[in-house]
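Pasting start03.csv here (CSV, C-alpha atoms):
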chain,number,residue,atom,x,y,z
A,1,MET,CA,66.7,-43.9,32.0
A,2,ARG,CA,63.5,-45.2,30.5
A,3,PHE,CA,61.6,-44.1,33.6
A,4,ASN,CA,63.0,-40.6,33.3
A,5,VAL,CA,62.1,-40.4,29.6
A,6,PHE,CA,58.6,-41.7,30.5
A,7,LYS,CA,58.3,-39.2,33.4
A,8,ASN,CA,59.4,-36.3,31.3
A,9,THR,CA,57.0,-37.2,28.5
A,10,VAL,CA,54.1,-37.5,30.9
A,11,LEU,CA,55.0,-34.1,32.5
A,12,LEU,CA,55.2,-32.5,29.0
A,13,PHE,CA,51.8,-33.9,28.1
A,14,VAL,CA,50.3,-32.6,31.4
A,15,LEU,CA,51.8,-29.1,30.7
A,16,VAL,CA,50.3,-29.1,27.2
A,17,LEU,CA,46.9,-30.0,28.5
A,18,ILE,CA,47.0,-27.3,31.1
A,19,SER,CA,48.1,-24.8,28.5
A,20,CYS,CA,45.4,-25.8,26.0
A,21,ALA,CA,42.8,-25.7,28.8
A,22,SER,CA,43.9,-22.2,29.7
A,23,LYS,CA,43.8,-21.1,26.1
A,24,THR,CA,40.4,-22.7,25.6
A,25,LYS,CA,39.1,-21.1,28.7
A,26,ASN,CA,40.4,-17.7,27.6
A,27,ASN,CA,38.9,-18.2,24.1
A,28,ILE,CA,35.5,-19.1,25.6
A,29,SER,CA,35.8,-16.1,27.9
A,30,ASP,CA,36.8,-13.9,24.9
A,31,SER,CA,33.9,-15.2,22.8
A,32,SER,CA,31.5,-14.7,25.7
A,33,GLU,CA,32.6,-11.1,26.1
A,34,LEU,CA,32.4,-10.6,22.3
A,35,LEU,CA,28.9,-12.0,22.2
A,36,THR,CA,27.9,-9.9,25.2
A,37,GLN,CA,29.4,-6.8,23.6
A,38,THR,CA,27.7,-7.6,20.2
A,39,LYS,CA,24.4,-8.1,22.0
A,40,GLN,CA,24.8,-4.8,23.8
A,41,ASP,CA,25.7,-3.1,20.6
A,42,SER,CA,22.7,-4.5,18.8
A,43,ILE,CA,20.4,-3.4,21.6
A,44,SER,CA,21.8,0.1,21.4
A,45,ILE,CA,21.3,0.4,17.6
A,46,LYS,CA,18.1,2.3,16.9
A,47,LEU,CA,16.9,3.0,13.4
A,48,ASP,CA,16.0,6.6,12.6
A,49,PRO,CA,12.2,7.0,12.4
A,50,ILE,CA,10.6,7.3,9.0
A,51,VAL,CA,9.8,10.9,8.1
A,52,VAL,CA,7.0,11.4,5.6
A,53,GLY,CA,7.1,14.1,2.9
A,54,ALA,CA,4.4,16.2,4.7
A,55,ASN,CA,6.6,16.5,7.8
A,56,GLN,CA,9.4,18.0,5.8
A,57,THR,CA,8.0,21.5,5.6
A,58,GLU,CA,11.4,23.0,5.1
A,59,GLY,CA,11.4,21.3,1.7
A,60,TYR,CA,8.1,22.6,0.4
A,61,LEU,CA,7.1,25.8,2.3
A,62,PRO,CA,9.5,27.9,0.3
A,63,LEU,CA,7.8,26.7,-2.9
A,64,LEU,CA,4.5,28.0,-1.6
A,65,LYS,CA,5.6,31.5,-0.6
A,66,GLY,CA,3.5,34.1,-2.5
A,67,LYS,CA,1.5,31.3,-4.2
A,68,ARG,CA,-2.2,30.4,-4.3
A,69,VAL,CA,-2.4,26.8,-3.3
A,70,GLY,CA,-4.8,23.9,-3.8
A,71,ILE,CA,-4.5,20.7,-1.8
A,72,VAL,CA,-5.6,17.1,-2.8
A,73,ALA,CA,-6.1,15.5,0.5
A,74,ASN,CA,-8.1,13.2,2.8
A,75,GLN,CA,-7.9,11.9,6.4
A,76,THR,CA,-4.4,10.5,5.9
A,77,SER,CA,-2.9,13.9,4.9
A,78,VAL,CA,-1.3,14.8,8.2
A,79,ILE,CA,1.9,16.1,9.7
A,80,PHE,CA,3.0,13.9,12.6
A,81,LYS,CA,4.3,15.5,15.8
A,82,VAL,CA,7.9,14.6,16.7
A,83,ASN,CA,8.5,12.2,19.6
A,84,SER,CA,4.9,11.1,19.9
A,85,GLU,CA,5.1,7.5,21.2
A,86,LYS,CA,1.4,6.7,21.0
A,87,LEU,CA,-0.7,7.9,18.1
A,88,THR,CA,-3.7,9.9,19.3
A,89,VAL,CA,-5.7,12.8,17.8
A,90,ASN,CA,-3.1,15.1,19.4
A,91,SER,CA,-0.2,13.3,17.7
A,92,TYR,CA,-0.7,14.9,14.4
A,93,SER,CA,-2.3,17.9,12.7
A,94,HIS,CA,-4.0,17.8,9.3
A,95,LEU,CA,-2.0,19.2,6.5
A,96,VAL,CA,-4.7,21.7,5.5
A,97,ASP,CA,-5.0,23.0,9.1
A,98,SER,CA,-1.3,23.3,9.4
A,99,LEU,CA,-0.8,25.2,6.2
A,100,VAL,CA,-3.6,27.6,7.0
A,101,SER,CA,-2.1,28.2,10.4
A,102,LEU,CA,1.2,29.0,8.7
A,103,LYS,CA,-0.5,31.6,6.6
A,104,VAL,CA,-0.2,29.7,3.4
A,105,ASP,CA,-2.7,31.0,0.9
A,106,VAL,CA,-4.8,27.8,0.6
A,107,LYS,CA,-7.7,28.4,-1.8
A,108,THR,CA,-9.3,24.9,-2.4
A,109,VAL,CA,-9.3,21.4,-1.1
A,110,PHE,CA,-9.8,18.5,-3.6
A,111,ALA,CA,-11.2,15.3,-2.2
A,112,PRO,CA,-10.7,11.8,-3.8
A,113,GLU,CA,-12.8,8.6,-3.4
A,114,HIS,CA,-14.2,8.2,0.1
A,115,GLY,CA,-14.2,12.0,0.6
A,116,PHE,CA,-12.1,14.5,2.5
A,117,ARG,CA,-12.8,12.8,5.8
A,118,GLY,CA,-12.6,9.3,4.3
A,119,THR,CA,-16.0,7.9,5.4
A,120,ALA,CA,-17.9,7.5,2.1
A,121,ASP,CA,-18.5,4.0,0.7
A,122,ALA,CA,-16.4,2.6,-2.1
A,123,GLY,CA,-17.9,3.9,-5.3
A,124,GLU,CA,-20.2,6.4,-3.5
A,125,ILE,CA,-20.5,9.8,-5.2
A,126,VAL,CA,-18.8,12.4,-3.1
A,127,LYS,CA,-20.3,15.9,-3.2
A,128,ASP,CA,-18.7,19.3,-3.1
A,129,GLY,CA,-18.9,21.2,0.1
A,130,LEU,CA,-17.2,23.4,2.7
A,131,ASP,CA,-14.7,22.3,5.3
A,132,VAL,CA,-16.3,23.1,8.7
A,133,LYS,CA,-13.0,23.9,10.4
A,134,THR,CA,-11.4,26.2,7.9
A,135,GLY,CA,-14.3,27.3,5.7
A,136,LEU,CA,-12.4,26.3,2.6
A,137,PRO,CA,-14.3,25.0,-0.4
A,138,ILE,CA,-14.0,21.2,-1.0
A,139,ILE,CA,-14.2,20.0,-4.6
A,140,SER,CA,-14.9,16.4,-5.1
A,141,LEU,CA,-12.8,14.4,-7.5
A,142,TYR,CA,-15.2,11.5,-7.2
A,143,GLY,CA,-18.4,13.3,-8.1
A,144,ASN,CA,-19.2,15.3,-11.2
A,145,ASN,CA,-15.6,15.2,-12.4
A,146,LYS,CA,-12.6,13.1,-11.6
A,147,LYS,CA,-10.2,15.6,-13.1
A,148,PRO,CA,-9.9,19.2,-11.9
A,149,THR,CA,-11.4,21.6,-14.5
A,150,ALA,CA,-9.7,24.7,-15.8
A,151,ASN,CA,-12.2,26.8,-13.9
A,152,GLN,CA,-11.4,24.9,-10.6
A,153,LEU,CA,-7.7,25.6,-11.1
A,154,LYS,CA,-7.9,29.2,-12.4
A,155,ASP,CA,-7.1,30.8,-9.0
A,156,ILE,CA,-4.4,28.3,-8.1
A,157,ASP,CA,-0.7,28.4,-8.8
A,158,VAL,CA,0.5,25.3,-7.0
A,159,VAL,CA,-1.3,22.0,-6.2
A,160,ILE,CA,-0.1,19.7,-3.3
A,161,PHE,CA,-1.0,16.0,-3.5
A,162,ASP,CA,-0.7,14.2,-0.2
A,163,ILE,CA,-2.6,11.0,0.1
A,164,GLN,CA,-1.6,7.6,1.6
A,165,ASP,CA,-1.7,4.9,-1.0
A,166,VAL,CA,-1.6,1.1,-0.4
A,167,GLY,CA,0.3,0.0,-3.6
A,168,ALA,CA,-2.5,-1.8,-5.5
A,169,ARG,CA,-3.4,-0.8,-9.1
A,170,PHE,CA,-7.1,-0.8,-8.4
A,171,TYR,CA,-6.9,1.5,-5.4
A,172,THR,CA,-8.2,4.6,-7.0
A,173,TYR,CA,-6.0,7.3,-5.3
A,174,ILE,CA,-3.3,6.7,-8.1
A,175,SER,CA,-6.0,7.3,-10.7
A,176,SER,CA,-6.9,10.6,-9.0
A,177,LEU,CA,-3.2,11.4,-9.1
A,178,HIS,CA,-3.1,10.8,-12.9
A,179,TYR,CA,-6.0,13.2,-13.5
A,180,VAL,CA,-4.5,15.8,-11.2
A,181,MET,CA,-1.2,15.6,-13.0
A,182,GLU,CA,-2.9,15.9,-16.3
A,183,ALA,CA,-5.0,18.9,-15.3
A,184,CYS,CA,-1.9,20.6,-13.8
A,185,ALA,CA,0.1,20.0,-17.0
A,186,GLU,CA,-2.7,21.3,-19.2
A,187,GLN,CA,-3.3,24.4,-17.1
A,188,ASN,CA,0.5,25.1,-16.5
A,189,LYS,CA,0.3,24.5,-12.7
A,190,THR,CA,3.0,23.1,-10.5
A,191,LEU,CA,2.3,19.9,-8.6
A,192,ILE,CA,4.1,18.9,-5.4
A,193,VAL,CA,3.7,15.3,-4.2
A,194,LEU,CA,4.4,14.7,-0.5
A,195,ASP,CA,5.5,11.1,-0.6
A,196,ARG,CA,4.5,8.4,1.9
A,197,PRO,CA,5.6,4.8,2.3
A,198,ASN,CA,3.9,2.0,0.4
A,199,PRO,CA,2.8,-0.7,2.9
A,200,ASN,CA,2.8,-3.2,0.0
A,201,GLY,CA,6.1,-2.0,-1.5
A,202,HIS,CA,8.0,-5.1,-0.6
A,203,TYR,CA,6.9,-7.1,-3.7
A,204,VAL,CA,5.6,-6.8,-7.3
A,205,ASP,CA,3.1,-9.2,-8.7
A,206,GLY,CA,0.0,-9.8,-10.9
A,207,PRO,CA,-1.0,-9.6,-14.5
A,208,ILE,CA,-0.1,-6.4,-16.5
A,209,LEU,CA,-3.1,-4.3,-17.4
A,210,GLU,CA,-4.0,-4.4,-21.1
A,211,PRO,CA,-4.9,-1.0,-22.5
A,212,GLU,CA,-8.3,-2.1,-23.8
A,213,HIS,CA,-9.4,-2.8,-20.2
A,214,SER,CA,-8.3,0.6,-18.8
A,215,SER,CA,-10.7,2.2,-16.3
A,216,PHE,CA,-10.7,4.2,-13.1
A,217,VAL,CA,-9.7,1.0,-11.2
A,218,GLY,CA,-6.7,0.6,-13.5
A,219,MET,CA,-5.4,3.2,-15.9
A,220,HIS,CA,-1.9,2.1,-16.8
A,221,PRO,CA,0.0,-1.0,-18.0
A,222,ILE,CA,1.3,-2.0,-14.6
A,223,PRO,CA,0.8,-5.2,-12.5
A,224,VAL,CA,-1.8,-5.4,-9.7
A,225,VAL,CA,1.0,-4.8,-7.1
A,226,HIS,CA,3.4,-2.3,-8.5
A,227,GLY,CA,5.8,-1.8,-5.5
A,228,LEU,CA,6.1,2.0,-6.0
A,229,THR,CA,5.4,4.9,-3.6
A,230,ILE,CA,3.0,7.5,-4.8
A,231,GLY,CA,5.9,9.8,-5.5
A,232,GLU,CA,7.7,7.2,-7.6
A,233,TYR,CA,4.4,6.5,-9.4
A,234,ALA,CA,4.0,10.1,-10.3
A,235,GLN,CA,7.5,10.1,-11.8
A,236,MET,CA,6.6,7.1,-13.8
A,237,ILE,CA,3.4,8.6,-15.1
A,238,ASN,CA,5.4,11.6,-16.4
A,239,GLY,CA,8.4,9.5,-17.6
A,240,GLU,CA,6.3,7.0,-19.6
A,241,ASN,CA,4.1,9.8,-21.2
A,242,TRP,CA,0.9,8.3,-19.8
A,243,LEU,CA,-0.9,11.7,-19.6
A,244,LYS,CA,-3.2,12.6,-22.5
A,245,ASN,CA,-1.4,14.0,-25.5
A,246,LYS,CA,1.8,13.1,-23.7
A,247,VAL,CA,1.7,16.4,-21.8
A,248,GLN,CA,4.3,16.7,-19.0
A,249,CYS,CA,3.5,17.8,-15.5
A,250,ASN,CA,5.8,20.2,-13.7
A,251,LEU,CA,6.4,17.8,-10.8
A,252,THR,CA,8.3,18.0,-7.5
A,253,VAL,CA,8.4,15.1,-5.1
A,254,ILE,CA,9.2,15.6,-1.4
A,255,THR,CA,10.8,12.3,-0.6
A,256,ILE,CA,10.6,10.2,2.6
A,257,LYS,CA,13.6,10.1,4.9
A,258,ASN,CA,15.0,6.9,6.5
A,259,TYR,CA,12.9,4.6,4.3
A,260,ASN,CA,13.4,1.7,2.0
A,261,ARG,CA,10.7,-0.4,0.3
A,262,ASN,CA,11.5,-3.5,2.3
A,263,MET,CA,10.6,-1.9,5.6
A,264,ALA,CA,7.4,-2.8,7.3
A,265,TYR,CA,5.1,0.2,7.6
A,266,ASP,CA,1.9,0.0,9.7
A,267,LEU,CA,-0.3,2.8,8.5
A,268,PRO,CA,-1.1,5.0,11.5
A,269,ILE,CA,-4.4,6.2,9.9
A,270,LYS,CA,-6.7,3.8,8.0
A,271,PRO,CA,-6.5,4.9,4.3
A,272,SER,CA,-10.2,4.1,3.6
A,273,PRO,CA,-13.2,2.8,5.6
A,274,ASN,CA,-12.8,-0.9,4.6
A,275,LEU,CA,-9.0,-1.1,5.2
A,276,PRO,CA,-8.9,-0.8,9.0
A,277,ASN,CA,-5.5,-2.4,9.8
A,278,ALA,CA,-2.3,-3.8,8.5
A,279,GLN,CA,-3.7,-7.3,7.9
A,280,SER,CA,-6.5,-6.0,5.7
A,281,ILE,CA,-4.0,-3.8,3.7
A,282,ASN,CA,-1.7,-6.7,3.2
A,283,LEU,CA,-4.5,-9.0,2.0
A,284,TYR,CA,-6.2,-6.4,-0.1
A,285,PRO,CA,-4.4,-7.0,-3.4
A,286,SER,CA,-5.2,-10.7,-3.2
A,287,LEU,CA,-8.8,-10.4,-2.0
A,288,CYS,CA,-10.0,-7.4,-4.1
A,289,PHE,CA,-10.5,-9.7,-7.1
A,290,PHE,CA,-13.6,-11.0,-5.2
A,291,GLU,CA,-15.3,-7.6,-5.7
A,292,GLY,CA,-16.0,-8.8,-9.3
A,293,THR,CA,-17.6,-12.0,-8.1
A,294,THR,CA,-20.5,-13.2,-5.8
A,295,ILE,CA,-18.0,-13.5,-2.9
A,296,SER,CA,-18.1,-11.1,0.0
A,297,VAL,CA,-14.8,-9.8,1.4
A,298,GLY,CA,-16.3,-8.8,4.7
A,299,ARG,CA,-17.7,-5.4,3.9
A,300,GLY,CA,-20.4,-4.9,6.5
A,301,THR,CA,-18.4,-6.7,9.2
A,302,ASP,CA,-15.5,-5.7,11.5
A,303,LEU,CA,-13.1,-8.0,9.5
A,304,GLN,CA,-13.2,-6.2,6.1
A,305,PHE,CA,-10.7,-7.7,3.7
A,306,GLN,CA,-9.7,-10.3,6.3
A,307,VAL,CA,-12.5,-12.8,5.5
A,308,TYR,CA,-14.2,-14.1,2.4
A,309,GLY,CA,-17.4,-16.1,1.9
A,310,SER,CA,-20.9,-16.3,0.5
A,311,PRO,CA,-24.2,-18.1,0.9
A,312,TYR,CA,-23.2,-20.2,-2.2
A,313,LEU,CA,-20.1,-21.8,-0.7
A,314,PRO,CA,-20.2,-25.1,1.3
A,315,LYS,CA,-20.5,-24.9,5.1
A,316,THR,CA,-17.2,-24.2,6.9
A,317,ASP,CA,-16.1,-23.7,10.4
A,318,PHE,CA,-16.6,-19.9,10.0
A,319,ILE,CA,-19.6,-17.8,9.1
A,320,PHE,CA,-20.3,-14.1,9.0
A,321,ILE,CA,-23.4,-12.0,8.3
A,322,PRO,CA,-22.8,-8.6,6.5
A,323,GLN,CA,-24.8,-5.7,8.0
A,324,PRO,CA,-24.7,-2.0,7.1
A,325,ASN,CA,-21.8,0.0,8.8
A,326,GLU,CA,-19.4,2.8,8.0
A,327,GLY,CA,-18.1,2.4,4.5
A,328,ALA,CA,-20.7,-0.3,3.6
A,329,LYS,CA,-24.3,1.1,3.6
A,330,TYR,CA,-25.5,-1.8,1.4
A,331,PRO,CA,-23.0,-4.6,1.8
A,332,LYS,CA,-23.0,-7.7,-0.5
A,333,HIS,CA,-25.2,-10.5,0.9
A,334,GLU,CA,-26.7,-8.1,3.5
A,335,ASN,CA,-28.2,-10.0,6.5
A,336,LYS,CA,-27.4,-13.4,4.9
A,337,ILE,CA,-25.2,-16.1,6.4
A,338,CYS,CA,-22.0,-16.4,4.5
A,339,ASN,CA,-20.0,-19.6,4.7
A,340,GLY,CA,-16.3,-18.7,4.4
A,341,TYR,CA,-12.8,-18.3,5.8
A,342,ASN,CA,-11.2,-16.1,8.4
A,343,LEU,CA,-7.7,-14.9,7.3
A,344,SER,CA,-7.2,-12.4,10.1
A,345,ASP,CA,-4.4,-14.5,11.6
A,346,VAL,CA,-2.5,-15.7,8.5
A,347,SER,CA,1.1,-14.6,8.0
A,348,PRO,CA,1.8,-11.5,6.0
A,349,LEU,CA,1.8,-12.1,2.3
A,350,LYS,CA,4.9,-11.4,0.1
A,351,THR,CA,3.1,-12.3,-3.1
A,352,LEU,CA,-0.4,-12.3,-4.6
A,353,ASP,CA,-2.2,-15.4,-3.2
A,354,LEU,CA,-4.6,-16.9,-5.8
A,355,SER,CA,-5.5,-19.8,-3.6
A,356,TYR,CA,-8.5,-18.0,-2.0
A,357,LEU,CA,-9.9,-17.1,-5.4
A,358,LEU,CA,-9.4,-20.6,-6.8
A,359,ASN,CA,-10.8,-22.3,-3.7
A,360,ALA,CA,-14.0,-20.1,-3.9
A,361,TYR,CA,-14.5,-20.7,-7.6
A,362,ASN,CA,-13.9,-24.5,-7.3
A,363,THR,CA,-16.3,-25.0,-4.4
A,364,THR,CA,-19.1,-22.5,-5.3
A,365,LYS,CA,-22.5,-24.1,-6.1
A,366,ASN,CA,-23.1,-22.3,-9.4
A,367,LYS,CA,-19.9,-21.6,-11.3
A,368,ALA,CA,-21.8,-19.9,-14.1
A,369,ASP,CA,-22.8,-17.1,-11.8
A,370,PHE,CA,-19.5,-16.8,-9.9
A,371,PHE,CA,-18.2,-13.8,-11.9
A,372,LEU,CA,-20.5,-10.8,-12.1
A,373,LYS,CA,-22.0,-10.2,-15.5
A,374,ASN,CA,-20.9,-6.5,-15.5
A,375,GLY,CA,-17.3,-7.4,-16.3
A,376,PHE,CA,-15.9,-5.8,-13.2
A,377,PHE,CA,-13.6,-8.8,-12.6
A,378,THR,CA,-11.9,-8.1,-15.9
A,379,LYS,CA,-11.5,-4.4,-15.0
A,380,LEU,CA,-9.8,-5.4,-11.7
A,381,ALA,CA,-7.6,-8.0,-13.3
A,382,GLY,CA,-6.8,-5.7,-16.2
A,383,THR,CA,-7.2,-8.7,-18.6
A,384,LYS,CA,-9.8,-11.2,-19.6
A,385,THR,CA,-7.2,-14.0,-19.4
A,386,LEU,CA,-7.3,-14.5,-15.7
A,387,GLN,CA,-11.0,-15.3,-15.6
A,388,GLU,CA,-10.6,-17.7,-18.6
A,389,GLN,CA,-7.7,-19.4,-16.9
A,390,ILE,CA,-9.7,-19.9,-13.7
A,391,GLU,CA,-12.7,-21.3,-15.6
A,392,ALA,CA,-10.4,-23.7,-17.5
A,393,GLY,CA,-9.1,-25.1,-14.2
A,394,TRP,CA,-5.6,-23.8,-14.2
A,395,SER,CA,-3.5,-24.0,-11.0
A,396,ALA,CA,-2.1,-20.9,-9.3
A,397,ASP,CA,1.4,-21.8,-10.3
A,398,LYS,CA,0.4,-22.2,-14.0
A,399,ILE,CA,-1.4,-18.9,-14.0
A,400,LYS,CA,1.4,-17.0,-12.3
A,401,ALA,CA,3.9,-18.4,-14.8
A,402,THR,CA,2.1,-16.5,-17.5
A,403,TRP,CA,2.8,-13.2,-15.7
A,404,ALA,CA,6.6,-13.7,-15.5
A,405,SER,CA,7.6,-12.0,-18.8
A,406,GLY,CA,5.4,-9.0,-18.2
A,407,LEU,CA,6.6,-8.6,-14.6
A,408,SER,CA,10.2,-8.7,-15.8
A,409,LYS,CA,9.7,-6.0,-18.4
A,410,PHE,CA,7.8,-3.9,-15.8
A,411,MET,CA,10.7,-4.2,-13.3
A,412,ASP,CA,13.1,-2.9,-15.9
A,413,LYS,CA,10.7,-0.1,-16.9
A,414,ARG,CA,10.1,1.2,-13.4
A,415,GLN,CA,13.8,1.2,-12.4
A,416,PRO,CA,14.6,4.8,-13.5
A,417,TYR,CA,11.8,6.1,-11.3
A,418,LEU,CA,12.8,4.5,-8.0
A,419,LEU,CA,13.7,6.9,-5.2
A,420,TYR,CA,14.3,4.4,-2.4
Could you take the file, read its structure, and then write that structure out as structure tokens?
Amino acid sequence: MRFNVFKNTVLLFVLVLISCASKTKNNISDSSELLTQTKQDSISIKLDPIVVGANQTEGYLPLLKGKRVGIVANQTSVIFKVNSEKLTVNSYSHLVDSLVSLKVDVKTVFAPEHGFRGTADAGEIVKDGLDVKTGLPIISLYGNNKKPTANQLKDIDVVIFDIQDVGARFYTYISSLHYVMEACAEQNKTLIVLDRPNPNGHYVDGPILEPEHSSFVGMHPIPVVHGLTIGEYAQMINGENWLKNKVQCNLTVITIKNYNRNMAYDLPIKPSPNLPNAQSINLYPSLCFFEGTTISVGRGTDLQFQVYGSPYLPKTDFIFIPQPNEGAKYPKHENKICNGYNLSDVSPLKTLDLSYLLNAYNTTKNKADFFLKNGFFTKLAGTKTLQEQIEAGWSADKIKATWASGLSKFMDKRQPYLLY
């Protein structure tokens, strides 16, 4: 009797084990199939490509019909060809060329800093001229006037603004946008902004510009990195009444399709001579402060805005020698050995990095001469406070803590103008 009970118990136990093993095997099999299916599904998912405003001709060509048109443009103002896997000169056509070929009545091209073809030095006066290809007159907005005059707009009904920005307050294309908006408002002209992604749109950081330090490298009370596309920025200029006498521009923004500000966007065309690649564009907001100091950011090398150094820093494992090249006819410390640092392989930044600036100041031989006497550092920072904090030996964390309140208010202020 006991043996039979024991035998039956053992038999039941074995059957349970077999059943559990079978279920476990089936569960593993089911999980494996599910993982395989999930993997296949993830592989098959393909995000729709970003479509810039210029490519959406159906949105703005009707607005140009029967109108006399002016275009604010440079080398980045292009319409990309669909299904072009590798970017070449044949992968896109310039906006001006395209509109002329479509019989749009283009009267004038307006060129910002660096010129219509984007080859002039930073700060170099750009002259008026003629476009060789189309014969159209080119009026410089970085020469005799930064704002289109009434006479320059008298034969124009609609102005198109299509320039790739990089999302930093001191990058002057947004200052040109301000003056174009102001001129259009004053002369009762319509402005169409063809929007493009902001490659530094994934964060907001830096001190807020103080009005007394307004200049062409910073016109509005915004942080160094504002996180807005140029179309959103145009809306904010209008909405915050930043134009002279609070005039309002008749503004239309052709928005970007399939885009959000957290998406990585590697610019297919360099936006200016000294921002040759994604690394330089990412580092630009953090390194541009050096333009107001004795430190070189690699102008006159092939690593512009990816290195920093000077003859006045201690010897390091890296040196560079600035020499004249495109976009830097007279580079800082020309033909001199600069001791410095190569940042071309650092991970992409998601915040302003003050460590480079603090390191350079703390190790320079003559701190009294570190900041240029012309006050350009203050213009770039938008405040005198940053220089004073650095000279007082403040840490990066302590400095950035003083920005928090201003950044919070800015984030609230910009909210109504966000499109993505």
Select, counting all atoms listed in the file, all protein, DNA and RNA residues no farther than 6 Å from (-4.9, 18.6, -2.7) in file coordinates, and express the selection as a list in words.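 Within the cut-off we find Gly70, Ile71, Val72, Ala73, Val109, Phe110, Ile160 and Phe161 of chain A.
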Residue nearest Leu354 (chain A) among A:Asp205, A:Glu232, A:Asp155, A:Glu182 (counting all atoms listed in the file):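 Smallest distance to Leu354 (chain A) is found for A:Asp205.
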Near-Val51 (chain A) list (12 Å; only C-alpha atoms; drop same-chain fewer than 2 positions) as number ranges by chain: A: 47-49, 53-57, 78-83, 194-197, 254-260, 265
Counting all atoms listed in the file, which residues come within 6 Å of (-13.7, -20.6, 5.1), with the point read in the file's coordinates, and could you list them as an NGL selection string? :A and (316 or 318 or 340-341)
When you count all atoms listed in the file, which of these residues is closest to Leu419 (chain A): A:Lys373, A:Lys384, A:Lys398, A:Arg261? A:Arg261
For Val217 (chain A): contacts at 9 Å, only C-alpha atoms, fewer than 5 positions along chain excluded, given as a list in words: Arg169, Phe170, Tyr171, Thr172, Ser175, Lys379, Leu380 and Gly382 of chain A
d(CA of Lys147 (chain A), CA of Thr378 (chain A)) in Å: 23.9 Å
Quick one: everything within 12 Å of Ser272 (chain A), counting only C-alpha atoms, minus sequence neighbours fewer than 4 positions away in the same chain. Send it as a count of residues only. 33
With all atoms listed in the file as the basis for distance, which of A:Leu313, A:Leu61, A:Cys249, A:Ile237 is at the shortest distance from Tyr361 (chain A)?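 Distance minimum relative to Tyr361 (chain A) lands on A:Leu313.
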Within 12 Å of Val180 (chain A), counting all atoms listed in the file, which residues show up once you throw out same-chain ones fewer than 2 positions away? Write them as an mmCIF file with C-alpha atoms, in the coordinates of the input, please.
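And here is the file that came out, out-v4.cif:
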data_model
loop_
_atom_site.group_PDB
_atom_site.id
_atom_site.type_symbol
_atom_site.label_atom_id
_atom_site.label_comp_id
_atom_site.auth_asym_id
_atom_site.auth_seq_id
_atom_site.Cartn_x
_atom_site.Cartn_y
_atom_site.Cartn_z
ATOM 1 C CA GLY A 70 -4.800 23.900 -3.800
ATOM 2 C CA ILE A 71 -4.500 20.700 -1.800
ATOM 3 C CA VAL A 72 -5.600 17.100 -2.800
ATOM 4 C CA ALA A 73 -6.100 15.500 0.500
ATOM 5 C CA PHE A 110 -9.800 18.500 -3.600
ATOM 6 C CA ALA A 111 -11.200 15.300 -2.200
ATOM 7 C CA PRO A 112 -10.700 11.800 -3.800
ATOM 8 C CA LEU A 141 -12.800 14.400 -7.500
ATOM 9 C CA ASN A 145 -15.600 15.200 -12.400
ATOM 10 C CA LYS A 146 -12.600 13.100 -11.600
ATOM 11 C CA LYS A 147 -10.200 15.600 -13.100
ATOM 12 C CA PRO A 148 -9.900 19.200 -11.900
ATOM 13 C CA THR A 149 -11.400 21.600 -14.500
ATOM 14 C CA ALA A 150 -9.700 24.700 -15.800
ATOM 15 C CA GLN A 152 -11.400 24.900 -10.600
ATOM 16 C CA LEU A 153 -7.700 25.600 -11.100
ATOM 17 C CA VAL A 158 0.500 25.300 -7.000
ATOM 18 C CA VAL A 159 -1.300 22.000 -6.200
ATOM 19 C CA ILE A 160 -0.100 19.700 -3.300
ATOM 20 C CA PHE A 161 -1.000 16.000 -3.500
ATOM 21 C CA ASP A 162 -0.700 14.200 -0.200
ATOM 22 C CA TYR A 173 -6.000 7.300 -5.300
ATOM 23 C CA ILE A 174 -3.300 6.700 -8.100
ATOM 24 C CA SER A 175 -6.000 7.300 -10.700
ATOM 25 C CA SER A 176 -6.900 10.600 -9.000
ATOM 26 C CA LEU A 177 -3.200 11.400 -9.100
ATOM 27 C CA HIS A 178 -3.100 10.800 -12.900
ATOM 28 C CA GLU A 182 -2.900 15.900 -16.300
ATOM 29 C CA ALA A 183 -5.000 18.900 -15.300
ATOM 30 C CA CYS A 184 -1.900 20.600 -13.800
ATOM 31 C CA ALA A 185 0.100 20.000 -17.000
ATOM 32 C CA GLU A 186 -2.700 21.300 -19.200
ATOM 33 C CA GLN A 187 -3.300 24.400 -17.100
ATOM 34 C CA ASN A 188 0.500 25.100 -16.500
ATOM 35 C CA LYS A 189 0.300 24.500 -12.700
ATOM 36 C CA THR A 190 3.000 23.100 -10.500
ATOM 37 C CA LEU A 191 2.300 19.900 -8.600
ATOM 38 C CA ILE A 192 4.100 18.900 -5.400
ATOM 39 C CA VAL A 193 3.700 15.300 -4.200
ATOM 40 C CA ALA A 234 4.000 10.100 -10.300
ATOM 41 C CA ILE A 237 3.400 8.600 -15.100
ATOM 42 C CA ASN A 238 5.400 11.600 -16.400
ATOM 43 C CA LEU A 243 -0.900 11.700 -19.600
ATOM 44 C CA LYS A 244 -3.200 12.600 -22.500
ATOM 45 C CA GLN A 248 4.300 16.700 -19.000
ATOM 46 C CA CYS A 249 3.500 17.800 -15.500
ATOM 47 C CA ASN A 250 5.800 20.200 -13.700
ATOM 48 C CA LEU A 251 6.400 17.800 -10.800
#
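Checking A:Leu99, A:Ile295, A:Val132, A:Ile337 one by one against Tyr356 (chain A), counting only C-alpha atoms, you find the shortest gap at A:Ile295.
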Which residues are near Ser296 (chain A)? Cut-off 9 Å, only C-alpha atoms, ignore same chain within fewer than 6 positions. Put them as a list in words.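 Listed by chain and then number, they are Phe290, Phe305, Val307, Tyr308, Gly309, Ser310, Pro322, Pro331, Lys332, His333, Cys338 and Gly340 of chain A.
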